[in-house]
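Undergrad: You'll find upload35.txt just under this line, and it carries compact mmCIF, C-alpha atoms.
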# COMPACT_ATOMS: atom_id res chain seq x y z
CA MET H 1 21.06 1.52 -17.34
CA SER H 2 23.92 2.56 -15.08
CA LYS H 3 27.11 0.56 -15.26
CA LEU H 4 28.84 2.87 -12.81
CA VAL H 5 27.16 1.73 -9.64
CA LYS H 6 29.40 -0.43 -7.55
CA ASN H 7 28.29 -3.02 -5.08
CA ILE H 8 26.09 -1.56 -2.37
CA ARG H 9 25.29 -2.59 1.18
CA LYS H 10 22.96 -0.52 3.32
CA ARG H 11 20.95 -1.17 6.41
CA SER H 12 18.55 0.73 8.57
CA THR H 13 16.40 -0.12 11.60
CA PHE H 14 12.82 1.03 11.97
CA LYS H 15 10.22 0.75 14.73
CA SER H 16 7.33 -1.56 13.96
CA SER H 17 4.80 1.15 13.23
CA THR H 18 2.78 1.49 10.03
CA ASP H 19 3.76 5.15 10.29
CA ASN H 20 7.20 4.08 9.05
CA LEU H 21 6.00 2.33 5.89
CA SER H 22 6.50 5.40 3.73
CA SER H 23 10.06 6.00 5.07
CA ILE H 24 10.92 2.36 4.39
CA ARG H 25 9.51 2.63 0.86
CA ASP H 26 11.58 5.79 0.28
CA PHE H 27 14.74 4.11 1.62
CA VAL H 28 14.33 1.17 -0.77
CA ARG H 29 13.10 3.21 -3.74
CA SER H 30 16.07 5.57 -3.79
CA THR H 31 18.53 2.68 -3.63
CA ALA H 32 16.72 0.68 -6.34
CA GLN H 33 16.71 3.69 -8.65
CA ASP H 34 20.38 4.46 -7.88
CA VAL H 35 21.44 1.03 -9.10
CA GLY H 36 19.49 1.43 -12.31
CA PHE H 37 16.02 -0.10 -11.92
CA SER H 38 13.27 1.60 -13.91
CA LYS H 39 10.46 3.47 -12.18
CA ASP H 40 8.08 0.56 -12.81
CA VAL H 41 10.39 -2.15 -11.48
CA SER H 42 11.33 0.02 -8.48
CA GLY H 43 7.60 0.38 -7.87
CA ASN H 44 7.19 -3.40 -7.80
CA ILE H 45 10.14 -3.78 -5.42
CA ILE H 46 8.83 -1.21 -2.95
CA LEU H 47 5.36 -2.76 -2.98
CA ALA H 48 6.87 -6.18 -2.17
CA VAL H 49 8.90 -4.60 0.66
CA ASP H 50 5.79 -2.78 1.96
CA GLU H 51 3.90 -6.11 2.03
CA ALA H 52 6.74 -7.84 3.89
CA VAL H 53 7.02 -5.04 6.47
CA THR H 54 3.23 -4.86 6.90
CA ASN H 55 3.18 -8.61 7.59
CA VAL H 56 5.90 -8.18 10.24
CA ILE H 57 3.96 -5.37 11.95
CA LYS H 58 0.69 -7.32 11.85
CA HIS H 59 1.78 -10.88 12.52
CA ALA H 60 5.23 -10.87 14.16
CA TYR H 61 4.57 -7.85 16.42
CA ASN H 62 0.75 -7.93 16.47
CA TYR H 63 0.63 -4.15 15.89
CA SER H 64 2.86 -3.34 18.88
CA GLU H 65 5.00 -0.35 17.94
CA GLU H 66 7.83 -1.39 20.25
CA GLY H 67 9.33 -4.00 17.92
CA LYS H 68 12.28 -3.39 15.65
CA ILE H 69 12.50 -4.12 11.96
CA LEU H 70 15.88 -4.32 10.27
CA VAL H 71 15.89 -3.57 6.55
CA SER H 72 19.12 -4.51 4.72
CA ILE H 73 19.72 -3.84 1.07
CA SER H 74 22.51 -5.31 -1.01
CA PHE H 75 23.38 -5.02 -4.67
CA ILE H 76 26.07 -7.39 -5.87
CA LYS H 77 26.71 -7.89 -9.59
CA ASN H 78 23.13 -7.63 -10.86
CA LYS H 79 21.39 -9.08 -7.80
CA PHE H 80 19.36 -6.67 -5.70
CA SER H 81 18.30 -8.13 -2.34
CA VAL H 82 16.21 -6.58 0.40
CA SER H 83 16.08 -8.49 3.69
CA ILE H 84 13.51 -7.66 6.32
CA SER H 85 14.08 -9.20 9.72
CA ASP H 86 12.37 -9.04 13.09
CA LYS H 87 12.44 -10.60 16.53
CA GLY H 88 8.71 -11.11 16.79
CA THR H 89 6.51 -14.20 16.83
CA HIS H 90 7.89 -17.08 14.79
CA PHE H 91 6.32 -17.34 11.39
CA ASN H 92 6.04 -20.44 9.20
CA SER H 93 5.64 -19.36 5.58
CA LYS H 94 4.91 -22.95 4.50
CA LEU H 95 1.53 -22.84 6.25
CA ILE H 96 0.32 -19.98 4.06
CA LYS H 97 -1.39 -21.00 0.83
CA ASP H 98 -1.86 -18.84 -2.25
CA PRO H 99 -5.12 -16.94 -2.01
CA ASP H 100 -8.21 -17.69 -4.05
CA LEU H 101 -9.98 -14.38 -4.55
CA LYS H 102 -13.38 -15.98 -5.04
CA GLU H 103 -13.05 -17.83 -1.74
CA TYR H 104 -11.98 -14.61 -0.05
CA TYR H 105 -15.01 -12.92 -1.47
CA LYS H 106 -17.37 -15.58 -0.11
CA GLN H 107 -15.80 -15.62 3.32
CA ARG H 108 -15.33 -11.84 3.51
CA ARG H 109 -11.78 -12.52 4.56
CA VAL H 110 -9.38 -9.67 4.30
CA GLY H 111 -5.62 -9.88 4.13
CA GLY H 112 -3.23 -12.70 3.33
CA LEU H 113 -2.63 -11.25 -0.11
CA GLY H 114 0.77 -9.79 0.72
CA MET H 115 2.80 -12.99 0.40
CA PHE H 116 1.18 -13.73 -2.93
CA LEU H 117 2.03 -10.25 -4.22
CA MET H 118 5.64 -10.59 -3.05
CA LYS H 119 6.00 -13.83 -5.03
CA LYS H 120 4.46 -12.28 -8.14
CA LEU H 121 6.46 -9.05 -8.01
CA MET H 122 9.93 -10.40 -7.18
CA ASP H 123 12.22 -12.93 -8.88
CA ASP H 124 12.66 -14.85 -5.63
CA VAL H 125 11.40 -14.73 -2.04
CA LYS H 126 13.19 -16.64 0.71
CA TYR H 127 12.20 -17.17 4.32
CA SER H 128 14.68 -18.10 7.04
CA GLN H 129 15.08 -18.05 10.82
CA PRO H 130 18.63 -16.97 11.70
CA GLN H 131 19.31 -16.58 15.45
CA ASN H 132 15.67 -16.57 16.52
CA ARG H 133 14.77 -13.93 14.01
CA ASN H 134 12.27 -14.12 11.18
CA LYS H 135 13.85 -13.05 7.95
CA VAL H 136 12.38 -12.63 4.51
CA THR H 137 14.67 -11.86 1.58
CA LEU H 138 13.25 -10.35 -1.59
CA ILE H 139 15.41 -10.67 -4.70
CA LYS H 140 15.26 -8.89 -8.03
CA TYR H 141 17.83 -9.14 -10.83
CA LEU H 142 18.76 -6.05 -12.80
CA ARG H 143 18.54 -7.09 -16.46
CA MET Q 1 4.71 10.15 6.44
CA ALA Q 2 2.81 9.49 3.22
CA ASP Q 3 -0.35 11.42 2.59
CA PHE Q 4 -3.69 9.90 1.85
CA ASN Q 5 -6.99 11.64 1.55
CA VAL Q 6 -10.52 10.52 0.75
CA GLU Q 7 -13.44 12.81 0.02
CA LYS Q 8 -17.04 12.06 -0.84
CA ARG Q 9 -19.21 13.66 -3.51
CA GLU Q 10 -22.68 12.76 -4.75
CA VAL Q 11 -23.76 12.55 -8.36
CA GLY Q 12 -27.47 11.76 -8.35
CA ALA Q 13 -27.94 8.50 -6.44
CA VAL Q 14 -24.26 7.57 -6.76
CA SER Q 15 -21.60 8.35 -4.14
CA ILE Q 16 -18.14 9.13 -5.47
CA LEU Q 17 -15.09 8.60 -3.28
CA ASP Q 18 -12.10 10.60 -4.54
CA VAL Q 19 -8.98 8.89 -3.23
CA LYS Q 20 -5.65 10.70 -3.32
CA GLY Q 21 -2.07 9.83 -2.47
CA PHE Q 22 -0.76 6.67 -0.87
CA LEU Q 23 -3.05 3.89 0.36
CA ASP Q 24 -1.18 1.46 2.62
CA ALA Q 25 -1.64 -0.28 5.99
CA HIS Q 26 -1.18 3.07 7.73
CA THR Q 27 -3.78 4.98 5.74
CA ALA Q 28 -6.31 2.17 5.00
CA PRO Q 29 -8.30 2.94 8.21
CA ASN Q 30 -9.22 6.35 6.70
CA LEU Q 31 -10.81 4.56 3.77
CA GLU Q 32 -12.60 2.17 6.13
CA ASN Q 33 -14.07 5.18 7.92
CA ALA Q 34 -15.33 6.54 4.63
CA PHE Q 35 -17.07 3.24 3.83
CA ASN Q 36 -18.54 3.03 7.33
CA GLY Q 37 -19.97 6.52 6.79
CA LEU Q 38 -21.56 5.44 3.49
CA ILE Q 39 -23.17 2.41 5.14
CA GLU Q 40 -24.50 4.53 8.00
CA ASP Q 41 -26.08 6.85 5.47
CA LYS Q 42 -27.39 3.88 3.46
CA GLU Q 43 -25.43 4.95 0.39
CA TYR Q 44 -24.59 1.70 -1.36
CA LYS Q 45 -23.90 2.78 -4.96
CA VAL Q 46 -20.26 3.72 -4.88
CA VAL Q 47 -17.71 4.75 -7.49
CA VAL Q 48 -14.11 5.07 -6.34
CA ASN Q 49 -12.26 7.65 -8.41
CA PHE Q 50 -8.57 6.69 -8.51
CA ASN Q 51 -7.45 9.64 -10.61
CA GLU Q 52 -5.08 10.98 -7.93
CA LEU Q 53 -4.13 7.72 -6.21
CA GLN Q 54 -0.39 7.18 -6.53
CA TYR Q 55 0.07 3.92 -4.67
CA ILE Q 56 -1.88 0.99 -3.25
CA SER Q 57 -0.80 -2.05 -1.21
CA SER Q 58 -2.84 -5.12 -0.28
CA ALA Q 59 -4.01 -3.36 2.89
CA GLY Q 60 -5.89 -0.94 0.64
CA LEU Q 61 -7.21 -3.69 -1.63
CA GLY Q 62 -8.49 -5.49 1.45
CA VAL Q 63 -10.75 -2.56 2.30
CA PHE Q 64 -12.67 -2.96 -0.97
CA MET Q 65 -12.96 -6.69 -0.37
CA ALA Q 66 -14.32 -6.10 3.11
CA TYR Q 67 -17.11 -3.76 2.02
CA VAL Q 68 -18.19 -4.85 -1.47
CA GLU Q 69 -20.61 -7.53 -0.38
CA THR Q 70 -22.52 -5.22 1.96
CA MET Q 71 -22.95 -2.81 -0.95
CA ARG Q 72 -24.12 -5.58 -3.30
CA GLU Q 73 -26.57 -7.03 -0.76
CA ASN Q 74 -28.19 -3.60 -0.71
CA ASN Q 75 -28.58 -3.26 -4.45
CA GLY Q 76 -25.35 -1.30 -4.81
CA ASP Q 77 -21.73 -2.02 -5.69
CA ILE Q 78 -18.20 -0.63 -5.55
CA LYS Q 79 -17.04 0.29 -9.04
CA PHE Q 80 -13.55 1.55 -9.88
CA ALA Q 81 -12.73 4.40 -12.25
CA ASN Q 82 -9.68 6.27 -13.59
CA LEU Q 83 -6.94 3.90 -12.42
CA LYS Q 84 -3.34 4.63 -13.38
CA GLU Q 85 -1.80 1.68 -15.19
CA GLU Q 86 0.56 0.78 -12.35
CA VAL Q 87 -2.30 0.79 -9.83
CA TYR Q 88 -4.56 -1.26 -12.13
CA ASN Q 89 -1.77 -3.81 -12.59
CA ILE Q 90 -1.83 -4.62 -8.87
CA PHE Q 91 -5.60 -5.20 -8.93
CA ASP Q 92 -5.10 -7.34 -12.03
CA LEU Q 93 -2.36 -9.47 -10.43
CA LEU Q 94 -4.80 -10.41 -7.67
CA GLY Q 95 -7.68 -11.22 -10.01
CA PHE Q 96 -9.92 -8.28 -9.11
CA PRO Q 97 -11.25 -7.79 -12.67
CA LEU Q 98 -13.14 -11.11 -12.25
CA LEU Q 99 -15.17 -9.74 -9.36
CA TYR Q 100 -15.21 -5.96 -9.79
CA GLU Q 101 -16.03 -3.58 -12.61
CA PHE Q 102 -13.39 -1.12 -13.83
CA PHE Q 103 -14.13 1.94 -15.96
CA LYS Q 104 -11.99 4.41 -17.89
CA SER Q 105 -13.98 7.33 -16.52
CA GLU Q 106 -16.19 8.20 -13.58
CA GLU Q 107 -19.03 9.06 -16.01
CA LYS Q 108 -19.00 5.56 -17.50
CA ALA Q 109 -19.20 4.00 -14.04
CA ILE Q 110 -22.14 6.23 -13.08
CA GLU Q 111 -23.83 5.43 -16.39
CA LYS Q 112 -23.63 1.72 -15.56
CA TYR Q 113 -25.57 2.29 -12.32
CA ASN Q 114 -28.18 4.31 -14.17
CA GLN Q 115 -28.70 1.56 -16.76
CA VAL Q 116 -29.48 -1.08 -14.15
CA LYS Q 117 -32.96 -0.83 -12.69
Just give me the structure of the file as structure tokens.

TA:
Amino acid sequence: MSKLVKNIRKRSTFKSSTDNLSSIRDFVRSTAQDVGFSKDVSGNIILAVDEAVTNVIKHAYNYSEEGKILVSISFIKNKFSVSISDKGTHFNSKLIKDPDLKEYYKQRRVGGLGMFLMKKLMDDVKYSQPQNRNKVTLIKYLR
Amino acid sequence: MADFNVEKREVGAVSILDVKGFLDAHTAPNLENAFNGLIEDKEYKVVVNFNELQYISSAGLGVFMAYVETMRENNGDIKFANLKEEVYNIFDLLGFPLLYEFFKSEEKAIEKYNQVK
């Protein structure tokens, strides 16, 4: 584990196209590995970020590619945070329940699994609405 | 842009989908097309070979959920084979092993179809 990495702050803006998912994953993966996360934990972080960004594209921007998604990464002490924010449709995370796979199966419903995965894969997930934006912050501690 | 590719093979009455690369919200429609093609051709016994799949997000998992019941209603199924541990772990987190069958090899999955009359 690297003790040399100093605090990091990085940000980048992407258009709300699923075409950008792989660039966003690469952006987060390289930073997570630079600060010392293992391949497996980095894999979990990028999946959580992918789910958050996919939700923004689907729900906040309703698949319009004209929206903007700001991805900010910070690493302070041992806390790695990735914030994903957008200016799309307001989103209330409290209305979304954890999925029940058997119910999904019966109803042939697809989707809604992303928030559940984010919770499972990260140490903490926070939703906020600063200045009319939707913002989700995914947190993982380097142990 | 991440690459994803799906190709179909037939082994007896079983259709094998070889999935390769990165399966996310961008590439999931390619997999949907493959399943639509199977349904058009009335091929309901499916094994998905994950040997070369590097990555899956819930958009990819959702495709299997969307098509499995159609396959089962027609005396078929979607069975999974050759998953890398990190890919299997995502299926496991979401409870897929309760509803789907996973096999260490493609042959074992095909064998299971051939046992059931």

Undergrad: Distance atom CA of Ser38 of chain H-atom CA of Arg25 of chain H, one decimal place?

TA: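 Distance reported for this atom pair: 15.3 Å.
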
Undergrad: Record the distance separating atom CA of Leu94 of chain Q and atom CA of Ile46 of chain H, expressed in Å with one decimal.

TA: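 Separating atom CA of Leu94 of chain Q from atom CA of Ile46 of chain H is a distance of 17.1 Å.
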
Undergrad: Which of these residues is nearest to chain Q, using all atoms listed in the file: H:Gly67, H:Gly36, H:Gly88, H:Pro99?

TA: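 With all atoms listed in the file as the atom set, the closest residue is H:Pro99.
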
Undergrad: With only C-alpha atoms considered, list every residue of chain H at most 12 Å from chain Q, as a JSON list (two decimals) with C-alpha atoms, keeping the file's coordinate frame.

TA:
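For reference, iface38.json as written:
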[["chain", "number", "residue", "atom", "x", "y", "z"],
["H", 16, "SER", "CA", 7.33, -1.56, 13.96],
["H", 17, "SER", "CA", 4.80, 1.15, 13.23],
["H", 18, "THR", "CA", 2.78, 1.49, 10.03],
["H", 19, "ASP", "CA", 3.76, 5.15, 10.29],
["H", 20, "ASN", "CA", 7.20, 4.08, 9.05],
["H", 21, "LEU", "CA", 6.00, 2.33, 5.89],
["H", 22, "SER", "CA", 6.50, 5.40, 3.73],
["H", 23, "SER", "CA", 10.06, 6.00, 5.07],
["H", 24, "ILE", "CA", 10.92, 2.36, 4.39],
["H", 25, "ARG", "CA", 9.51, 2.63, 0.86],
["H", 26, "ASP", "CA", 11.58, 5.79, 0.28],
["H", 39, "LYS", "CA", 10.46, 3.47, -12.18],
["H", 40, "ASP", "CA", 8.08, 0.56, -12.81],
["H", 41, "VAL", "CA", 10.39, -2.15, -11.48],
["H", 42, "SER", "CA", 11.33, 0.02, -8.48],
["H", 43, "GLY", "CA", 7.60, 0.38, -7.87],
["H", 44, "ASN", "CA", 7.19, -3.40, -7.80],
["H", 45, "ILE", "CA", 10.14, -3.78, -5.42],
["H", 46, "ILE", "CA", 8.83, -1.21, -2.95],
["H", 47, "LEU", "CA", 5.36, -2.76, -2.98],
["H", 48, "ALA", "CA", 6.87, -6.18, -2.17],
["H", 49, "VAL", "CA", 8.90, -4.60, 0.66],
["H", 50, "ASP", "CA", 5.79, -2.78, 1.96],
["H", 51, "GLU", "CA", 3.90, -6.11, 2.03],
["H", 52, "ALA", "CA", 6.74, -7.84, 3.89],
["H", 53, "VAL", "CA", 7.02, -5.04, 6.47],
["H", 54, "THR", "CA", 3.23, -4.86, 6.90],
["H", 55, "ASN", "CA", 3.18, -8.61, 7.59],
["H", 56, "VAL", "CA", 5.90, -8.18, 10.24],
["H", 57, "ILE", "CA", 3.96, -5.37, 11.95],
["H", 58, "LYS", "CA", 0.69, -7.32, 11.85],
["H", 63, "TYR", "CA", 0.63, -4.15, 15.89],
["H", 98, "ASP", "CA", -1.86, -18.84, -2.25],
["H", 99, "PRO", "CA", -5.12, -16.94, -2.01],
["H", 100, "ASP", "CA", -8.21, -17.69, -4.05],
["H", 101, "LEU", "CA", -9.98, -14.38, -4.55],
["H", 102, "LYS", "CA", -13.38, -15.98, -5.04],
["H", 103, "GLU", "CA", -13.05, -17.83, -1.74],
["H", 104, "TYR", "CA", -11.98, -14.61, -0.05],
["H", 105, "TYR", "CA", -15.01, -12.92, -1.47],
["H", 106, "LYS", "CA", -17.37, -15.58, -0.11],
["H", 107, "GLN", "CA", -15.80, -15.62, 3.32],
["H", 108, "ARG", "CA", -15.33, -11.84, 3.51],
["H", 109, "ARG", "CA", -11.78, -12.52, 4.56],
["H", 110, "VAL", "CA", -9.38, -9.67, 4.30],
["H", 111, "GLY", "CA", -5.62, -9.88, 4.13],
["H", 112, "GLY", "CA", -3.23, -12.70, 3.33],
["H", 113, "LEU", "CA", -2.63, -11.25, -0.11],
["H", 114, "GLY", "CA", 0.77, -9.79, 0.72],
["H", 115, "MET", "CA", 2.80, -12.99, 0.40],
["H", 116, "PHE", "CA", 1.18, -13.73, -2.93],
["H", 117, "LEU", "CA", 2.03, -10.25, -4.22],
["H", 118, "MET", "CA", 5.64, -10.59, -3.05],
["H", 119, "LYS", "CA", 6.00, -13.83, -5.03],
["H", 120, "LYS", "CA", 4.46, -12.28, -8.14],
["H", 121, "LEU", "CA", 6.46, -9.05, -8.01]]

Undergrad: Please list as a PyMOL selection string every residue within 9 Å of Asn132 of chain H, counting all atoms listed in the file and excluding residues in the same chain fewer than 2 positions away.

TA: chain H and resi 86-88+90+129-130+134

Undergrad: Calculated over all atoms listed in the file, which of the candidates Q:Lys104, Q:Asn30, Q:Lys42, Q:Phe50 has the smallest distance to Asn74 of chain Q?

TA: Q:Lys42

Undergrad: Have a look at atom CA of Gln54 of chain Q and atom CA of Leu142 of chain H and let me know their distance in Å, one decimal.

TA: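 Computing it gives 24.1 Å between the two atoms.
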
Undergrad: From the options H:Ser128, H:Ile84, H:Thr13, H:Leu138, which residue's atoms come nearest to Lys68 of chain H, counting all atoms listed in the file?

TA: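 Between H:Ser128, H:Ile84, H:Thr13, H:Leu138, the residue approaching Lys68 of chain H most closely is H:Thr13.
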
Undergrad: Show me the residues around (20.0, 0.1, 2.4) - criterion: an atom at most 9 Å away, only C-alpha atoms counted - as a ChimeraX atom specification.

TA: /H:8-12,27-28,31,71-74,82

Undergrad: So, counting all atoms listed in the file, which residue among Q:Val48, Q:Leu53, Q:Met71, Q:Leu31 is closest to Ser105 of chain Q?

TA: Q:Val48

Undergrad: At a cut-off of 8 Å from (-14.7, 6.1, -7.8) in the coordinates of the file, what residues are picked up using all atoms listed in the file, written as a ChimeraX atom specification?

TA: /Q:16-19,46-50,78-82,106,109

Undergrad: Measuring between all atoms listed in the file, which one of Q:Arg72, Q:Glu43, Q:Gly37, Q:Lys84 shows the shortest distance to Lys20 of chain Q?

TA: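 The shortest atom-to-atom distance to Lys20 of chain Q comes from Q:Lys84.
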
Undergrad: Using only C-alpha atoms for the distances, tell me which of Q:Lys45, Q:Asn51, Q:Phe91, Q:Glu73 is nearest to Val6 of chain Q.

TA: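 Of Q:Lys45, Q:Asn51, Q:Phe91, Q:Glu73, the one nearest Val6 of chain Q, counting only C-alpha atoms, is Q:Asn51.
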
Undergrad: Within 8 Å of Lys79 of chain H, counting only C-alpha atoms, which residues qualify if same-chain residues fewer than 3 places away don't, as an NGL selection string?

TA: :H and (74-76 or 139-142)
